[in-house]
>>> print(open('input.pdb').read())   # PDB, C-alpha atoms
ATOM      1  CA  GLU A 231      40.135 262.762  34.135
ATOM      2  CA  ASN A 232      37.121 261.720  36.254
ATOM      3  CA  GLY A 233      39.112 262.135  39.488
ATOM      4  CA  ARG A 234      41.327 259.114  38.773
ATOM      5  CA  PRO A 235      45.102 259.297  38.519
ATOM      6  CA  GLN A 236      46.297 259.556  34.952
ATOM      7  CA  GLU A 237      49.780 258.735  33.737
ATOM      8  CA  ALA A 238      51.510 260.921  31.161
ATOM      9  CA  SER A 239      53.641 259.264  28.499
ATOM     10  CA  PRO A 240      57.085 260.638  27.603
ATOM     11  CA  GLY A 241      56.637 263.692  25.376
ATOM     12  CA  SER A 242      53.080 264.349  26.563
ATOM     13  CA  SER A 243      51.691 267.842  26.644
ATOM     14  CA  VAL A 244      50.543 268.831  30.128
ATOM     15  CA  SER A 245      48.242 271.849  30.579
ATOM     16  CA  GLU A 246      48.621 273.066  26.984
ATOM     17  CA  PRO A 247      45.121 274.591  26.991
ATOM     18  CA  VAL A 248      46.417 277.485  29.161
ATOM     19  CA  LEU A 249      48.301 278.734  26.094
ATOM     20  CA  TRP A 250      45.135 279.021  24.011
ATOM     21  CA  THR A 251      42.220 279.706  26.358
ATOM     22  CA  PRO A 252      41.324 280.344  30.009
ATOM     23  CA  TRP A 253      41.651 276.955  31.680
ATOM     24  CA  ASN A 254      40.921 275.386  35.052
ATOM     25  CA  HIS A 255      43.431 272.663  35.832
ATOM     26  CA  GLN A 256      41.804 269.277  36.245
ATOM     27  CA  GLY A 257      44.005 268.003  39.069
ATOM     28  CA  ALA A 258      47.496 267.994  40.564
ATOM     29  CA  LEU A 259      50.657 267.006  38.710
ATOM     30  CA  LYS A 260      53.083 264.702  40.492
ATOM     31  CA  ALA A 261      56.249 263.210  38.999
ATOM     32  CA  VAL A 262      56.904 259.621  40.075
ATOM     33  CA  LEU A 263      60.173 259.448  38.099
ATOM     34  CA  PRO A 264      62.862 262.059  37.418
ATOM     35  CA  SER A 265      61.296 264.276  34.750
ATOM     36  CA  GLU A 266      61.760 267.500  32.850
ATOM     37  CA  LEU A 267      59.101 270.177  32.776
ATOM     38  CA  LEU A 268      59.050 273.200  30.509
ATOM     39  CA  ALA A 269      56.927 276.016  31.923
ATOM     40  CA  ILE A 270      55.722 278.754  29.578
ATOM     41  CA  ASP A 271      54.037 281.991  30.641
ATOM     42  CA  PRO A 272      50.896 282.187  28.438
ATOM     43  CA  GLN A 273      50.909 285.998  28.170
ATOM     44  CA  LEU A 274      54.610 286.144  27.292
ATOM     45  CA  PHE A 275      54.070 283.312  24.799
ATOM     46  CA  ALA A 276      51.296 285.261  23.026
ATOM     47  CA  THR A 277      53.392 288.440  23.010
ATOM     48  CA  THR A 278      56.372 286.594  21.557
ATOM     49  CA  MET A 279      54.272 284.881  18.879
ATOM     50  CA  ALA A 280      52.828 288.254  17.832
ATOM     51  CA  ILE A 281      56.235 289.711  16.946
ATOM     52  CA  HIS A 282      56.133 288.341  13.399
ATOM     53  CA  PRO A 283      53.149 287.437  11.194
ATOM     54  CA  ARG A 284      54.255 283.883  10.357
ATOM     55  CA  PRO A 285      54.310 282.416  13.892
ATOM     56  CA  TRP A 286      51.287 284.521  14.853
ATOM     57  CA  HIS A 287      49.131 283.217  12.009
ATOM     58  CA  PHE A 288      50.203 279.650  12.751
ATOM     59  CA  ALA A 289      49.401 280.072  16.466
ATOM     60  CA  LYS A 290      46.060 281.709  15.673
ATOM     61  CA  TYR A 291      44.877 278.786  13.524
ATOM     62  CA  TYR A 292      46.314 276.201  15.903
ATOM     63  CA  ALA A 293      44.499 277.875  18.826
ATOM     64  CA  GLU A 294      41.205 277.885  16.919
ATOM     65  CA  LEU A 295      41.531 274.168  16.142
ATOM     66  CA  PHE A 296      42.602 273.302  19.685
ATOM     67  CA  VAL A 297      39.722 275.207  21.295
ATOM     68  CA  GLU A 298      37.274 273.743  18.778
ATOM     69  CA  TYR A 299      38.480 270.295  19.868
ATOM     70  CA  LEU A 300      38.029 271.199  23.558
ATOM     71  CA  ASN A 301      34.525 272.562  22.936
ATOM     72  CA  LYS A 302      33.486 269.321  21.230
ATOM     73  CA  ALA A 303      34.924 267.090  23.978
ATOM     74  CA  SER A 304      32.736 265.782  26.764
ATOM     75  CA  PRO A 305      33.511 267.647  30.011
ATOM     76  CA  MET A 306      34.120 264.258  31.631
ATOM     77  CA  HIS A 307      36.954 263.601  29.174
ATOM     78  CA  LEU A 308      38.762 266.924  29.590
ATOM     79  CA  SER A 309      42.216 266.493  31.043
ATOM     80  CA  ASP A 310      45.403 268.452  31.613
ATOM     81  CA  ILE A 311      47.260 265.656  29.797
ATOM     82  CA  PHE A 312      46.869 265.755  26.034
ATOM     83  CA  GLU A 313      48.225 262.804  24.071
ATOM     84  CA  GLU A 314      46.298 262.834  20.786
ATOM     85  CA  GLU A 315      49.298 262.425  18.432
ATOM     86  CA  ASP A 316      47.222 262.022  15.256
ATOM     87  CA  PHE A 317      45.158 265.071  16.143
ATOM     88  CA  TYR A 318      48.333 267.087  16.801
ATOM     89  CA  LYS A 319      49.701 266.127  13.382
ATOM     90  CA  SER A 320      46.438 267.152  11.752
ATOM     91  CA  MET A 321      46.291 270.469  13.668
ATOM     92  CA  VAL A 322      49.879 271.327  12.770
ATOM     93  CA  SER A 323      49.377 270.470   9.103
ATOM     94  CA  THR A 324      46.122 272.434   8.821
ATOM     95  CA  SER A 325      47.539 275.406  10.737
ATOM     96  CA  ARG A 326      50.645 275.428   8.569
ATOM     97  CA  GLN A 327      48.560 275.448   5.356
ATOM     98  CA  LYS A 328      46.215 278.210   6.534
ATOM     99  CA  SER A 329      48.973 280.367   7.967
ATOM    100  CA  SER A 330      51.101 280.117   4.823
ATOM    101  CA  MET A 331      48.206 281.630   2.862
ATOM    102  CA  ASP A 332      47.960 284.474   5.391
ATOM    103  CA  ASP A 333      51.715 285.070   5.240
ATOM    104  CA  ARG A 334      51.422 285.811   1.536
ATOM    105  CA  LEU A 335      48.433 288.141   2.032
ATOM    106  CA  CYS A 336      49.516 290.141   5.073
ATOM    107  CA  ASP A 337      52.567 292.183   5.819
ATOM    108  CA  SER A 338      53.711 293.115   9.314
ATOM    109  CA  GLU A 339      51.927 296.466   9.038
ATOM    110  CA  GLY A 340      48.613 294.639   8.565
ATOM    111  CA  LEU A 341      48.724 293.136  12.041
ATOM    112  CA  ASP A 342      46.252 294.337  14.626
ATOM    113  CA  SER A 343      46.605 293.827  18.382
ATOM    114  CA  ASN A 344      42.835 293.336  18.894
ATOM    115  CA  PHE A 345      42.788 289.571  18.199
ATOM    116  CA  ARG A 346      42.424 287.359  21.260
ATOM    117  CA  PHE A 347      42.724 283.607  21.259
ATOM    118  CA  PRO A 348      39.327 281.874  21.281
ATOM    119  CA  GLN A 349      37.640 280.905  24.537
ATOM    120  CA  VAL A 350      36.362 277.539  25.730
ATOM    121  CA  SER A 351      32.619 277.709  26.225
ATOM    122  CA  GLU A 352      30.673 275.254  28.356
ATOM    123  CA  ASP A 353      27.303 276.104  26.829
ATOM    124  CA  GLU A 354      27.963 276.774  23.162
ATOM    125  CA  ASP A 355      30.458 276.199  20.409
ATOM    126  CA  ILE A 356      32.981 278.888  19.647
ATOM    127  CA  ASP A 357      32.175 281.326  16.853
ATOM    128  CA  LEU A 358      35.373 281.909  14.906
ATOM    129  CA  ASP A 359      35.325 285.126  12.911
ATOM    130  CA  ASP A 360      37.507 284.880   9.809
ATOM    131  CA  SER A 361      36.576 288.311   8.510
ATOM    132  CA  ASP A 362      39.956 289.892   9.276
ATOM    133  CA  ASP A 363      42.682 287.375   8.500
ATOM    134  CA  CYS A 364      45.441 289.878   9.274
ATOM    135  CA  ALA A 365      44.182 290.665  12.769
ATOM    136  CA  LEU A 366      45.971 289.571  15.903
TER     137      LEU A 366
END
>>> encode(input="input.pdb", output="structure tokens")
Amino acid sequence: ENGRPQEASPGSSVSEPVLWTPWNHQGALKAVLPSELLAIDPQLFATTMAIHPRPWHFAKYYAELFVEYLNKASPMHLSDIFEEEDFYKSMVSTSRQKSSMDDRLCDSEGLDSNFRFPQVSEDEDIDLDDSDDCAL
């Protein structure tokens, strides 16, 4: 953030935006203590989530909320390190509620491979189309 070193707390999410939207990393990551890092391929992650409606719907709503948060943030405050615990709890709760409604409405045959996770926009807010709740 702002070109200054930033320290990640234990359990922090580093570079999570790459799972939900195209993302330019904001700096270099350097461990100063022995650490564990879990690397996830974004394309494989999306493919895996799409196998069943329940995780897909959850991921879809979570992605929309996450990208909405990024679009509202000042570019100077964007970071690869995301430590907003209260916001995470809220996103998970909201995504769980919305996706549970979709799970009751859609069966696996109602899924469509045309859905793409929302994109971060520098100039305008994201327009989330809720017209096809069963679409991927």
>>> closest_residue(input="input.pdb", among="A:Ser309, A:Glu298, A:Ser323, A:Ala276", to="Asn254 (chain A)", atoms="all atoms listed in the file")
A:Ser309
>>> resolve_selection(input="input.pdb", expression="the PyMOL selection byres ((chain A and resi 255) around 8)", output="list in words")
Ser245, Trp253, Asn254, Gln256, Gly257, Ala258, Ser309 and Asp310 of chain A
>>> closest_residue(input="input.pdb", among="A:Gln327, A:Ile311, A:His287, A:Val322", to="Ser243 (chain A)", atoms="only C-alpha atoms")
A:Ile311
>>> closest_residue(input="input.pdb", among="A:Glu237, A:Ala261, A:Thr277, A:Thr324", to="Leu295 (chain A)", atoms="all atoms listed in the file")
A:Thr324
>>> resolve_selection(input="input.pdb", expression="the PyMOL selection byres ((chain A and resi 249) around 9)", output="JSON, numbers by chain")
{"A": [245, 246, 247, 248, 250, 251, 252, 253, 270, 271, 272, 273, 275, 276, 293, 347]}
>>> residues_around(input="input.pdb", residues="Lys260 (chain A)", least_positions_apart="6", cutoff="12 Å", atoms="only C-alpha atoms", output="list in words")
Pro235, Gln236, Glu237, Ala238, Val244, Glu266 and Leu267 of chain A
>>> atom_distance(input="input.pdb", atom1="CA of Glu294 (chain A)", atom2="CA of Ser325 (chain A)")
9.2 Å
>>> closest_residue(input="input.pdb", among="A:Val297, A:Ala289, A:Ala303, A:Leu263", to="Ser330 (chain A)", atoms="all atoms listed in the file")
A:Ala289
>>> atom_distance(input="input.pdb", atom1="CA of Phe312 (chain A)", atom2="CA of Ser242 (chain A)")
6.4 Å
>>> atom_distance(input="input.pdb", atom1="CA of Lys328 (chain A)", atom2="CA of Arg284 (chain A)")
10.6 Å
